[in-house]
$ cat model_39.cif   # mmCIF, N, CA and C atoms
data_work
loop_
_atom_site.group_PDB
_atom_site.id
_atom_site.type_symbol
_atom_site.label_atom_id
_atom_site.label_comp_id
_atom_site.auth_asym_id
_atom_site.auth_seq_id
_atom_site.Cartn_x
_atom_site.Cartn_y
_atom_site.Cartn_z
ATOM 1 N N MET N 10 -6.478 6.330 -102.979
ATOM 2 C CA MET N 10 -6.145 5.145 -103.721
ATOM 3 C C MET N 10 -6.931 3.938 -103.233
ATOM 4 N N ILE N 11 -7.061 3.819 -101.931
ATOM 5 C CA ILE N 11 -7.747 2.671 -101.366
ATOM 6 C C ILE N 11 -9.206 2.650 -101.824
ATOM 7 N N LYS N 12 -9.858 3.780 -101.778
ATOM 8 C CA LYS N 12 -11.263 3.882 -102.230
ATOM 9 C C LYS N 12 -11.357 3.581 -103.727
ATOM 10 N N THR N 13 -10.421 4.098 -104.494
ATOM 11 C CA THR N 13 -10.420 3.868 -105.940
ATOM 12 C C THR N 13 -10.286 2.383 -106.252
ATOM 13 N N MET N 14 -9.399 1.701 -105.544
ATOM 14 C CA MET N 14 -9.228 0.257 -105.775
ATOM 15 C C MET N 14 -10.512 -0.495 -105.418
ATOM 16 N N ALA N 15 -11.164 -0.102 -104.333
ATOM 17 C CA ALA N 15 -12.435 -0.737 -103.953
ATOM 18 C C ALA N 15 -13.500 -0.487 -105.018
ATOM 19 N N ASP N 16 -13.513 0.714 -105.569
ATOM 20 C CA ASP N 16 -14.478 1.040 -106.631
ATOM 21 C C ASP N 16 -14.233 0.196 -107.882
ATOM 22 N N VAL N 17 -12.968 -0.020 -108.217
ATOM 23 C CA VAL N 17 -12.633 -0.842 -109.387
ATOM 24 C C VAL N 17 -13.102 -2.271 -109.168
ATOM 25 N N VAL N 18 -12.854 -2.792 -107.972
ATOM 26 C CA VAL N 18 -13.293 -4.158 -107.670
ATOM 27 C C VAL N 18 -14.816 -4.251 -107.742
ATOM 28 N N GLU N 19 -15.487 -3.232 -107.274
ATOM 29 C CA GLU N 19 -16.950 -3.208 -107.311
ATOM 30 C C GLU N 19 -17.470 -3.276 -108.748
ATOM 31 N N LYS N 20 -16.728 -2.744 -109.684
ATOM 32 C CA LYS N 20 -17.132 -2.726 -111.105
ATOM 33 C C LYS N 20 -16.637 -3.951 -111.869
ATOM 34 N N ARG N 21 -16.023 -4.893 -111.174
ATOM 35 C CA ARG N 21 -15.415 -6.057 -111.828
ATOM 36 C C ARG N 21 -16.383 -6.775 -112.761
ATOM 37 N N ASP N 22 -17.584 -7.075 -112.292
ATOM 38 C CA ASP N 22 -18.529 -7.818 -113.127
ATOM 39 C C ASP N 22 -18.924 -7.029 -114.367
ATOM 40 N N VAL N 23 -19.082 -5.735 -114.221
ATOM 41 C CA VAL N 23 -19.419 -4.884 -115.365
ATOM 42 C C VAL N 23 -18.286 -4.920 -116.387
ATOM 43 N N ILE N 24 -17.059 -4.832 -115.896
ATOM 44 C CA ILE N 24 -15.897 -4.842 -116.799
ATOM 45 C C ILE N 24 -15.786 -6.187 -117.498
ATOM 46 N N ARG N 25 -15.990 -7.255 -116.763
ATOM 47 C CA ARG N 25 -15.885 -8.596 -117.364
ATOM 48 C C ARG N 25 -16.969 -8.856 -118.395
ATOM 49 N N GLN N 26 -18.107 -8.193 -118.272
ATOM 50 C CA GLN N 26 -19.209 -8.397 -119.211
ATOM 51 C C GLN N 26 -19.109 -7.488 -120.434
ATOM 52 N N MET N 27 -18.121 -6.634 -120.463
ATOM 53 C CA MET N 27 -17.962 -5.753 -121.623
ATOM 54 C C MET N 27 -17.697 -6.604 -122.858
ATOM 55 N N PRO N 28 -18.211 -6.167 -124.008
ATOM 56 C CA PRO N 28 -18.004 -6.941 -125.233
ATOM 57 C C PRO N 28 -16.611 -6.725 -125.830
ATOM 58 N N VAL N 29 -15.642 -6.533 -124.963
ATOM 59 C CA VAL N 29 -14.263 -6.330 -125.399
ATOM 60 C C VAL N 29 -13.442 -7.509 -124.880
ATOM 61 N N PRO N 30 -12.958 -8.357 -125.779
ATOM 62 C CA PRO N 30 -12.174 -9.507 -125.323
ATOM 63 C C PRO N 30 -10.948 -9.061 -124.527
ATOM 64 N N GLY N 31 -10.754 -9.701 -123.392
ATOM 65 C CA GLY N 31 -9.571 -9.409 -122.595
ATOM 66 C C GLY N 31 -9.650 -8.155 -121.748
ATOM 67 N N SER N 32 -10.836 -7.602 -121.577
ATOM 68 C CA SER N 32 -10.943 -6.348 -120.824
ATOM 69 C C SER N 32 -10.464 -6.514 -119.381
ATOM 70 N N ALA N 33 -10.752 -7.654 -118.760
ATOM 71 C CA ALA N 33 -10.294 -7.879 -117.387
ATOM 72 C C ALA N 33 -8.771 -7.958 -117.337
ATOM 73 N N ALA N 34 -8.167 -8.558 -118.339
ATOM 74 C CA ALA N 34 -6.704 -8.654 -118.386
ATOM 75 C C ALA N 34 -6.069 -7.272 -118.543
ATOM 76 N N VAL N 35 -6.709 -6.418 -119.319
ATOM 77 C CA VAL N 35 -6.198 -5.049 -119.490
ATOM 78 C C VAL N 35 -6.275 -4.293 -118.164
ATOM 79 N N VAL N 36 -7.385 -4.435 -117.472
ATOM 80 C CA VAL N 36 -7.536 -3.766 -116.180
ATOM 81 C C VAL N 36 -6.492 -4.301 -115.198
ATOM 82 N N ARG N 37 -6.326 -5.623 -115.162
ATOM 83 C CA ARG N 37 -5.339 -6.225 -114.271
ATOM 84 C C ARG N 37 -3.939 -5.674 -114.549
ATOM 85 N N GLN N 38 -3.564 -5.598 -115.810
ATOM 86 C CA GLN N 38 -2.233 -5.082 -116.156
ATOM 87 C C GLN N 38 -2.109 -3.605 -115.783
ATOM 88 N N ASP N 39 -3.158 -2.836 -116.015
ATOM 89 C CA ASP N 39 -3.144 -1.423 -115.634
ATOM 90 C C ASP N 39 -2.975 -1.271 -114.125
ATOM 91 N N LEU N 40 -3.642 -2.119 -113.356
ATOM 92 C CA LEU N 40 -3.509 -2.076 -111.900
ATOM 93 C C LEU N 40 -2.078 -2.408 -111.478
ATOM 94 N N LYS N 41 -1.492 -3.410 -112.115
ATOM 95 C CA LYS N 41 -0.098 -3.760 -111.819
ATOM 96 C C LYS N 41 0.829 -2.593 -112.140
ATOM 97 N N ASP N 42 0.597 -1.949 -113.283
ATOM 98 C CA ASP N 42 1.420 -0.802 -113.672
ATOM 99 C C ASP N 42 1.255 0.363 -112.694
ATOM 100 N N MET N 43 0.012 0.602 -112.257
ATOM 101 C CA MET N 43 -0.224 1.684 -111.292
ATOM 102 C C MET N 43 0.446 1.372 -109.968
ATOM 103 N N LYS N 44 0.398 0.119 -109.541
ATOM 104 C CA LYS N 44 1.054 -0.259 -108.287
ATOM 105 C C LYS N 44 2.558 -0.023 -108.396
ATOM 106 N N SER N 45 3.125 -0.400 -109.513
ATOM 107 C CA SER N 45 4.552 -0.199 -109.725
ATOM 108 C C SER N 45 4.913 1.285 -109.647
ATOM 109 N N GLY N 46 4.110 2.112 -110.282
ATOM 110 C CA GLY N 46 4.349 3.549 -110.229
ATOM 111 C C GLY N 46 4.173 4.108 -108.831
ATOM 112 N N ALA N 47 3.189 3.597 -108.121
ATOM 113 C CA ALA N 47 2.947 4.065 -106.753
ATOM 114 C C ALA N 47 4.103 3.696 -105.838
ATOM 115 N N GLN N 48 4.754 2.577 -106.101
ATOM 116 C CA GLN N 48 5.856 2.152 -105.251
ATOM 117 C C GLN N 48 7.030 3.128 -105.313
ATOM 118 N N GLY N 49 7.252 3.740 -106.456
ATOM 119 C CA GLY N 49 8.280 4.769 -106.551
ATOM 120 C C GLY N 49 7.941 5.960 -105.668
ATOM 121 N N PHE N 50 6.684 6.361 -105.694
ATOM 122 C CA PHE N 50 6.230 7.455 -104.842
ATOM 123 C C PHE N 50 6.354 7.071 -103.375
ATOM 124 N N GLN N 51 5.988 5.838 -103.053
ATOM 125 C CA GLN N 51 6.061 5.375 -101.672
ATOM 126 C C GLN N 51 7.492 5.442 -101.146
ATOM 127 N N GLN N 52 8.429 5.012 -101.944
ATOM 128 C CA GLN N 52 9.828 5.042 -101.522
ATOM 129 C C GLN N 52 10.306 6.473 -101.302
ATOM 130 N N ALA N 53 9.882 7.376 -102.167
ATOM 131 C CA ALA N 53 10.235 8.784 -102.001
ATOM 132 C C ALA N 53 9.610 9.350 -100.732
ATOM 133 N N MET N 54 8.375 8.943 -100.449
ATOM 134 C CA MET N 54 7.700 9.402 -99.246
ATOM 135 C C MET N 54 8.447 8.924 -98.007
ATOM 136 N N LEU N 55 8.863 7.674 -97.996
ATOM 137 C CA LEU N 55 9.608 7.144 -96.860
ATOM 138 C C LEU N 55 10.955 7.832 -96.698
ATOM 139 N N ALA N 56 11.617 8.083 -97.810
ATOM 140 C CA ALA N 56 12.938 8.720 -97.756
ATOM 141 C C ALA N 56 12.860 10.132 -97.173
ATOM 142 N N GLY N 57 11.751 10.810 -97.420
ATOM 143 C CA GLY N 57 11.614 12.179 -96.938
ATOM 144 C C GLY N 57 10.861 12.321 -95.631
ATOM 145 N N ALA N 58 10.382 11.204 -95.104
ATOM 146 C CA ALA N 58 9.565 11.266 -93.890
ATOM 147 C C ALA N 58 10.432 11.486 -92.654
ATOM 148 N N GLN N 59 9.958 12.341 -91.803
ATOM 149 C CA GLN N 59 10.623 12.538 -90.513
ATOM 150 C C GLN N 59 10.320 11.333 -89.630
ATOM 151 N N ASP N 60 11.185 11.083 -88.681
ATOM 152 C CA ASP N 60 11.045 9.900 -87.832
ATOM 153 C C ASP N 60 9.695 9.807 -87.133
ATOM 154 N N ASP N 61 9.135 10.944 -86.750
ATOM 155 C CA ASP N 61 7.882 10.903 -85.998
ATOM 156 C C ASP N 61 6.675 10.520 -86.856
ATOM 157 N N ILE N 62 6.776 10.659 -88.159
ATOM 158 C CA ILE N 62 5.652 10.260 -89.018
ATOM 159 C C ILE N 62 5.951 8.998 -89.832
ATOM 160 N N LEU N 63 7.115 8.429 -89.625
ATOM 161 C CA LEU N 63 7.496 7.226 -90.371
ATOM 162 C C LEU N 63 6.526 6.061 -90.140
ATOM 163 N N PRO N 64 6.103 5.777 -88.907
ATOM 164 C CA PRO N 64 5.136 4.674 -88.724
ATOM 165 C C PRO N 64 3.813 4.913 -89.470
ATOM 166 N N ALA N 65 3.320 6.128 -89.446
ATOM 167 C CA ALA N 65 2.078 6.437 -90.165
ATOM 168 C C ALA N 65 2.288 6.297 -91.668
ATOM 169 N N SER N 66 3.433 6.723 -92.156
ATOM 170 C CA SER N 66 3.735 6.596 -93.583
ATOM 171 C C SER N 66 3.777 5.135 -93.996
ATOM 172 N N LYS N 67 4.411 4.304 -93.177
ATOM 173 C CA LYS N 67 4.481 2.874 -93.484
ATOM 174 C C LYS N 67 3.090 2.236 -93.456
ATOM 175 N N ALA N 68 2.250 2.661 -92.528
ATOM 176 C CA ALA N 68 0.892 2.120 -92.451
ATOM 177 C C ALA N 68 0.083 2.486 -93.695
ATOM 178 N N ILE N 69 0.242 3.706 -94.168
ATOM 179 C CA ILE N 69 -0.447 4.140 -95.391
ATOM 180 C C ILE N 69 0.027 3.313 -96.577
ATOM 181 N N ILE N 70 1.319 3.109 -96.659
ATOM 182 C CA ILE N 70 1.886 2.321 -97.750
ATOM 183 C C ILE N 70 1.364 0.890 -97.698
ATOM 184 N N ASP N 71 1.348 0.299 -96.523
ATOM 185 C CA ASP N 71 0.856 -1.075 -96.386
ATOM 186 C C ASP N 71 -0.607 -1.176 -96.813
ATOM 187 N N SER N 72 -1.415 -0.225 -96.375
ATOM 188 C CA SER N 72 -2.839 -0.227 -96.738
ATOM 189 C C SER N 72 -3.031 -0.061 -98.239
ATOM 190 N N THR N 73 -2.251 0.816 -98.825
ATOM 191 C CA THR N 73 -2.344 1.050 -100.265
ATOM 192 C C THR N 73 -1.935 -0.196 -101.046
ATOM 193 N N ASN N 74 -0.836 -0.825 -100.629
ATOM 194 C CA ASN N 74 -0.383 -2.038 -101.313
ATOM 195 C C ASN N 74 -1.399 -3.166 -101.179
ATOM 196 N N GLU N 75 -2.020 -3.289 -100.008
ATOM 197 C CA GLU N 75 -3.056 -4.300 -99.819
ATOM 198 C C GLU N 75 -4.248 -4.037 -100.750
ATOM 199 N N ALA N 76 -4.613 -2.777 -100.909
ATOM 200 C CA ALA N 76 -5.725 -2.432 -101.805
ATOM 201 C C ALA N 76 -5.383 -2.778 -103.249
ATOM 202 N N PHE N 77 -4.159 -2.462 -103.664
ATOM 203 C CA PHE N 77 -3.732 -2.825 -105.019
ATOM 204 C C PHE N 77 -3.763 -4.340 -105.191
ATOM 205 N N ASP N 78 -3.206 -5.067 -104.222
ATOM 206 C CA ASP N 78 -3.150 -6.526 -104.332
ATOM 207 C C ASP N 78 -4.549 -7.135 -104.411
ATOM 208 N N SER N 79 -5.470 -6.611 -103.634
ATOM 209 C CA SER N 79 -6.853 -7.122 -103.675
ATOM 210 C C SER N 79 -7.504 -6.859 -105.030
ATOM 211 N N ALA N 80 -7.278 -5.666 -105.551
ATOM 212 C CA ALA N 80 -7.858 -5.330 -106.851
ATOM 213 C C ALA N 80 -7.240 -6.184 -107.959
ATOM 214 N N ILE N 81 -5.934 -6.378 -107.905
ATOM 215 C CA ILE N 81 -5.267 -7.208 -108.913
ATOM 216 C C ILE N 81 -5.797 -8.628 -108.835
ATOM 217 N N ALA N 82 -5.951 -9.150 -107.632
ATOM 218 C CA ALA N 82 -6.472 -10.520 -107.459
ATOM 219 C C ALA N 82 -7.895 -10.639 -107.978
ATOM 220 N N ALA N 83 -8.679 -9.592 -107.829
ATOM 221 C CA ALA N 83 -10.067 -9.634 -108.302
ATOM 222 C C ALA N 83 -10.161 -9.784 -109.813
ATOM 223 N N PHE N 84 -9.128 -9.367 -110.516
ATOM 224 C CA PHE N 84 -9.127 -9.458 -111.974
ATOM 225 C C PHE N 84 -8.228 -10.576 -112.496
ATOM 226 N N SER N 85 -7.785 -11.451 -111.598
ATOM 227 C CA SER N 85 -6.931 -12.572 -112.002
ATOM 228 C C SER N 85 -7.741 -13.787 -112.343
#

$ encode --input "model_39.cif" --output "structure tokens"
Amino acid sequence: MIKTMADVVEKRDVIRQMPVPGSAAVVRQDLKDMKSGAQGFQQAMLAGAQDDILPASKAIIDSTNEAFDSAIAAFS
């Protein structure tokens, strides 16, 4: 997910130059929707995580959320 978000941000200028009005807004909304969906998965992952891997799980979640937030901001 983190790499995918970086790739989307890298394509920001290409997306903004598309001859489709509002293309950046569509991407931004899609990113928000994907983040929302990922949060459900994240909560399930935390609920099922054993205590010894809980810190690593939280770190992955934090990194993923930061990547989503950066990508969303890039299209704002």

$ resolve_selection --input "model_39.cif" --expression "the PyMOL selection byres (((chain N and resi 80 and name CA) around 8) and name CA)" --output "list of chain:residue names"
N:Met14, N:Ala15, N:Val17, N:Val18, N:Arg37, N:Leu40, N:Ala76, N:Phe77, N:Asp78, N:Ser79, N:Ile81, N:Ala82, N:Ala83, N:Phe84

$ residues_around --input "model_39.cif" --residues "Gln51 of chain N" --least-positions-apart "5" --cutoff "7 Å" --atoms "only N, CA and C atoms" --output "MDAnalysis selection string"
chainID N and resid 46 56 70

$ atom_distance --input "model_39.cif" --atom1 "atom CA of Gln48 of chain N" --atom2 "atom C of Ile69 of chain N"
10.5 Å

$ atom_distance --input "model_39.cif" --atom1 "atom CA of Phe50 of chain N" --atom2 "atom N of Thr13 of chain N"
17.0 Å

$ atom_distance --input "model_39.cif" --atom1 "atom CA of Ser66 of chain N" --atom2 "atom CA of Gln38 of chain N"
26.1 Å

$ axis_aligned_box --input "model_39.cif" --around "segment 53-66 of chain N" --padding-each-side "8 Å" --output "JSON"
{"center_x": 7.5, "center_y": 8.6, "center_z": -94.1, "size_x": 26.9, "size_y": 23.9, "size_z": 32.2}

$ select_by_dssp --input "model_39.cif" --residues "chain N" --states "alpha helix (DSSP H)" --output "ChimeraX atom specification"
/N:11-19,21-25,32-57,63-83

$ residues_around --input "model_39.cif" --residues "Ala33 of chain N" --least-positions-apart "3" --cutoff "8 Å" --atoms "all atoms listed in the file" --output "ChimeraX atom specification"
/N:21,24-27,29-30,36-39,83-85

$ decode --input "model_39.cif" --residues "segment 10-39 of chain N" --atoms "N, CA, C and O atoms" --output "PDB file, in the first residue's frame"
ATOM      1  N   MET N  10       0.808  -1.189   0.000  1.00  0.00           N
ATOM      2  CA  MET N  10       0.000   0.000   0.000  1.00  0.00           C
ATOM      3  C   MET N  10       0.855   1.258   0.000  1.00  0.00           C
ATOM      4  O   MET N  10       0.527   2.217  -0.694  1.00  0.00           O
ATOM      5  N   ILE N  11       1.908   1.243   0.786  1.00  0.00           N
ATOM      6  CA  ILE N  11       2.755   2.417   0.897  1.00  0.00           C
ATOM      7  C   ILE N  11       3.386   2.744  -0.456  1.00  0.00           C
ATOM      8  O   ILE N  11       3.387   3.899  -0.891  1.00  0.00           O
ATOM      9  N   LYS N  12       3.885   1.745  -1.134  1.00  0.00           N
ATOM     10  CA  LYS N  12       4.488   1.941  -2.470  1.00  0.00           C
ATOM     11  C   LYS N  12       3.428   2.429  -3.459  1.00  0.00           C
ATOM     12  O   LYS N  12       3.681   3.318  -4.265  1.00  0.00           O
ATOM     13  N   THR N  13       2.247   1.853  -3.391  1.00  0.00           N
ATOM     14  CA  THR N  13       1.163   2.248  -4.293  1.00  0.00           C
ATOM     15  C   THR N  13       0.801   3.715  -4.093  1.00  0.00           C
ATOM     16  O   THR N  13       0.611   4.453  -5.072  1.00  0.00           O
ATOM     17  N   MET N  14       0.718   4.145  -2.843  1.00  0.00           N
ATOM     18  CA  MET N  14       0.393   5.555  -2.572  1.00  0.00           C
ATOM     19  C   MET N  14       1.494   6.469  -3.112  1.00  0.00           C
ATOM     20  O   MET N  14       1.210   7.515  -3.700  1.00  0.00           O
ATOM     21  N   ALA N  15       2.748   6.069  -2.954  1.00  0.00           N
ATOM     22  CA  ALA N  15       3.861   6.864  -3.494  1.00  0.00           C
ATOM     23  C   ALA N  15       3.785   6.929  -5.018  1.00  0.00           C
ATOM     24  O   ALA N  15       4.033   7.981  -5.619  1.00  0.00           O
ATOM     25  N   ASP N  16       3.415   5.822  -5.637  1.00  0.00           N
ATOM     26  CA  ASP N  16       3.277   5.796  -7.103  1.00  0.00           C
ATOM     27  C   ASP N  16       2.158   6.726  -7.571  1.00  0.00           C
ATOM     28  O   ASP N  16       2.292   7.413  -8.588  1.00  0.00           O
ATOM     29  N   VAL N  17       1.059   6.760  -6.830  1.00  0.00           N
ATOM     30  CA  VAL N  17      -0.057   7.644  -7.184  1.00  0.00           C
ATOM     31  C   VAL N  17       0.379   9.096  -7.085  1.00  0.00           C
ATOM     32  O   VAL N  17       0.096   9.903  -7.976  1.00  0.00           O
ATOM     33  N   VAL N  18       1.090   9.421  -6.012  1.00  0.00           N
ATOM     34  CA  VAL N  18       1.571  10.797  -5.848  1.00  0.00           C
ATOM     35  C   VAL N  18       2.530  11.159  -6.981  1.00  0.00           C
ATOM     36  O   VAL N  18       2.489  12.278  -7.515  1.00  0.00           O
ATOM     37  N   GLU N  19       3.354  10.223  -7.371  1.00  0.00           N
ATOM     38  CA  GLU N  19       4.302  10.456  -8.461  1.00  0.00           C
ATOM     39  C   GLU N  19       3.577  10.782  -9.768  1.00  0.00           C
ATOM     40  O   GLU N  19       4.076  11.536 -10.593  1.00  0.00           O
ATOM     41  N   LYS N  20       2.399  10.245  -9.955  1.00  0.00           N
ATOM     42  CA  LYS N  20       1.612  10.465 -11.185  1.00  0.00           C
ATOM     43  C   LYS N  20       0.678  11.668 -11.073  1.00  0.00           C
ATOM     44  O   LYS N  20      -0.105  11.937 -11.983  1.00  0.00           O
ATOM     45  N   ARG N  21       0.761  12.401  -9.976  1.00  0.00           N
ATOM     46  CA  ARG N  21      -0.163  13.512  -9.724  1.00  0.00           C
ATOM     47  C   ARG N  21      -0.232  14.492 -10.890  1.00  0.00           C
ATOM     48  O   ARG N  21      -1.320  14.857 -11.345  1.00  0.00           O
ATOM     49  N   ASP N  22       0.910  14.937 -11.390  1.00  0.00           N
ATOM     50  CA  ASP N  22       0.897  15.925 -12.470  1.00  0.00           C
ATOM     51  C   ASP N  22       0.259  15.368 -13.734  1.00  0.00           C
ATOM     52  O   ASP N  22      -0.464  16.075 -14.436  1.00  0.00           O
ATOM     53  N   VAL N  23       0.509  14.113 -14.021  1.00  0.00           N
ATOM     54  CA  VAL N  23      -0.096  13.474 -15.193  1.00  0.00           C
ATOM     55  C   VAL N  23      -1.613  13.435 -15.035  1.00  0.00           C
ATOM     56  O   VAL N  23      -2.361  13.752 -15.976  1.00  0.00           O
ATOM     57  N   ILE N  24      -2.063  13.079 -13.841  1.00  0.00           N
ATOM     58  CA  ILE N  24      -3.511  12.996 -13.590  1.00  0.00           C
ATOM     59  C   ILE N  24      -4.142  14.375 -13.689  1.00  0.00           C
ATOM     60  O   ILE N  24      -5.206  14.544 -14.291  1.00  0.00           O
ATOM     61  N   ARG N  25      -3.488  15.367 -13.133  1.00  0.00           N
ATOM     62  CA  ARG N  25      -4.042  16.731 -13.173  1.00  0.00           C
ATOM     63  C   ARG N  25      -4.095  17.295 -14.583  1.00  0.00           C
ATOM     64  O   ARG N  25      -4.909  18.170 -14.881  1.00  0.00           O
ATOM     65  N   GLN N  26      -3.226  16.828 -15.465  1.00  0.00           N
ATOM     66  CA  GLN N  26      -3.196  17.328 -16.839  1.00  0.00           C
ATOM     67  C   GLN N  26      -4.149  16.567 -17.757  1.00  0.00           C
ATOM     68  O   GLN N  26      -4.275  16.914 -18.930  1.00  0.00           O
ATOM     69  N   MET N  27      -4.806  15.565 -17.237  1.00  0.00           N
ATOM     70  CA  MET N  27      -5.752  14.814 -18.066  1.00  0.00           C
ATOM     71  C   MET N  27      -6.872  15.746 -18.509  1.00  0.00           C
ATOM     72  O   MET N  27      -7.292  16.631 -17.759  1.00  0.00           O
ATOM     73  N   PRO N  28      -7.373  15.544 -19.727  1.00  0.00           N
ATOM     74  CA  PRO N  28      -8.445  16.410 -20.221  1.00  0.00           C
ATOM     75  C   PRO N  28      -9.813  16.029 -19.648  1.00  0.00           C
ATOM     76  O   PRO N  28     -10.837  16.145 -20.322  1.00  0.00           O
ATOM     77  N   VAL N  29      -9.808  15.573 -18.415  1.00  0.00           N
ATOM     78  CA  VAL N  29     -11.046  15.188 -17.744  1.00  0.00           C
ATOM     79  C   VAL N  29     -11.239  16.138 -16.564  1.00  0.00           C
ATOM     80  O   VAL N  29     -10.449  16.105 -15.612  1.00  0.00           O
ATOM     81  N   PRO N  30     -12.255  16.990 -16.628  1.00  0.00           N
ATOM     82  CA  PRO N  30     -12.469  17.926 -15.520  1.00  0.00           C
ATOM     83  C   PRO N  30     -12.682  17.184 -14.201  1.00  0.00           C
ATOM     84  O   PRO N  30     -13.413  16.200 -14.134  1.00  0.00           O
ATOM     85  N   GLY N  31     -11.983  17.642 -13.183  1.00  0.00           N
ATOM     86  CA  GLY N  31     -12.170  17.058 -11.862  1.00  0.00           C
ATOM     87  C   GLY N  31     -11.453  15.745 -11.623  1.00  0.00           C
ATOM     88  O   GLY N  31     -11.751  15.056 -10.656  1.00  0.00           O
ATOM     89  N   SER N  32     -10.520  15.389 -12.486  1.00  0.00           N
ATOM     90  CA  SER N  32      -9.853  14.092 -12.329  1.00  0.00           C
ATOM     91  C   SER N  32      -9.102  14.000 -10.999  1.00  0.00           C
ATOM     92  O   SER N  32      -9.126  12.956 -10.351  1.00  0.00           O
ATOM     93  N   ALA N  33      -8.479  15.091 -10.564  1.00  0.00           N
ATOM     94  CA  ALA N  33      -7.768  15.070  -9.284  1.00  0.00           C
ATOM     95  C   ALA N  33      -8.748  14.878  -8.130  1.00  0.00           C
ATOM     96  O   ALA N  33      -8.454  14.155  -7.163  1.00  0.00           O
ATOM     97  N   ALA N  34      -9.913  15.480  -8.226  1.00  0.00           N
ATOM     98  CA  ALA N  34     -10.926  15.327  -7.176  1.00  0.00           C
ATOM     99  C   ALA N  34     -11.429  13.885  -7.105  1.00  0.00           C
ATOM    100  O   ALA N  34     -11.683  13.356  -6.014  1.00  0.00           O
ATOM    101  N   VAL N  35     -11.557  13.252  -8.256  1.00  0.00           N
ATOM    102  CA  VAL N  35     -11.988  11.846  -8.281  1.00  0.00           C
ATOM    103  C   VAL N  35     -10.928  10.962  -7.623  1.00  0.00           C
ATOM    104  O   VAL N  35     -11.255  10.090  -6.810  1.00  0.00           O
ATOM    105  N   VAL N  36      -9.677  11.210  -7.944  1.00  0.00           N
ATOM    106  CA  VAL N  36      -8.595  10.430  -7.344  1.00  0.00           C
ATOM    107  C   VAL N  36      -8.574  10.657  -5.831  1.00  0.00           C
ATOM    108  O   VAL N  36      -8.445   9.712  -5.050  1.00  0.00           O
ATOM    109  N   ARG N  37      -8.694  11.917  -5.412  1.00  0.00           N
ATOM    110  CA  ARG N  37      -8.705  12.229  -3.987  1.00  0.00           C
ATOM    111  C   ARG N  37      -9.831  11.483  -3.269  1.00  0.00           C
ATOM    112  O   ARG N  37      -9.620  10.873  -2.216  1.00  0.00           O
ATOM    113  N   GLN N  38     -11.018  11.493  -3.841  1.00  0.00           N
ATOM    114  CA  GLN N  38     -12.149  10.800  -3.210  1.00  0.00           C
ATOM    115  C   GLN N  38     -11.914   9.289  -3.181  1.00  0.00           C
ATOM    116  O   GLN N  38     -12.222   8.627  -2.196  1.00  0.00           O
ATOM    117  N   ASP N  39     -11.366   8.746  -4.253  1.00  0.00           N
ATOM    118  CA  ASP N  39     -11.053   7.316  -4.287  1.00  0.00           C
ATOM    119  C   ASP N  39     -10.038   6.961  -3.204  1.00  0.00           C
ATOM    120  O   ASP N  39     -10.156   5.915  -2.547  1.00  0.00           O
TER     121      ASP N  39
END
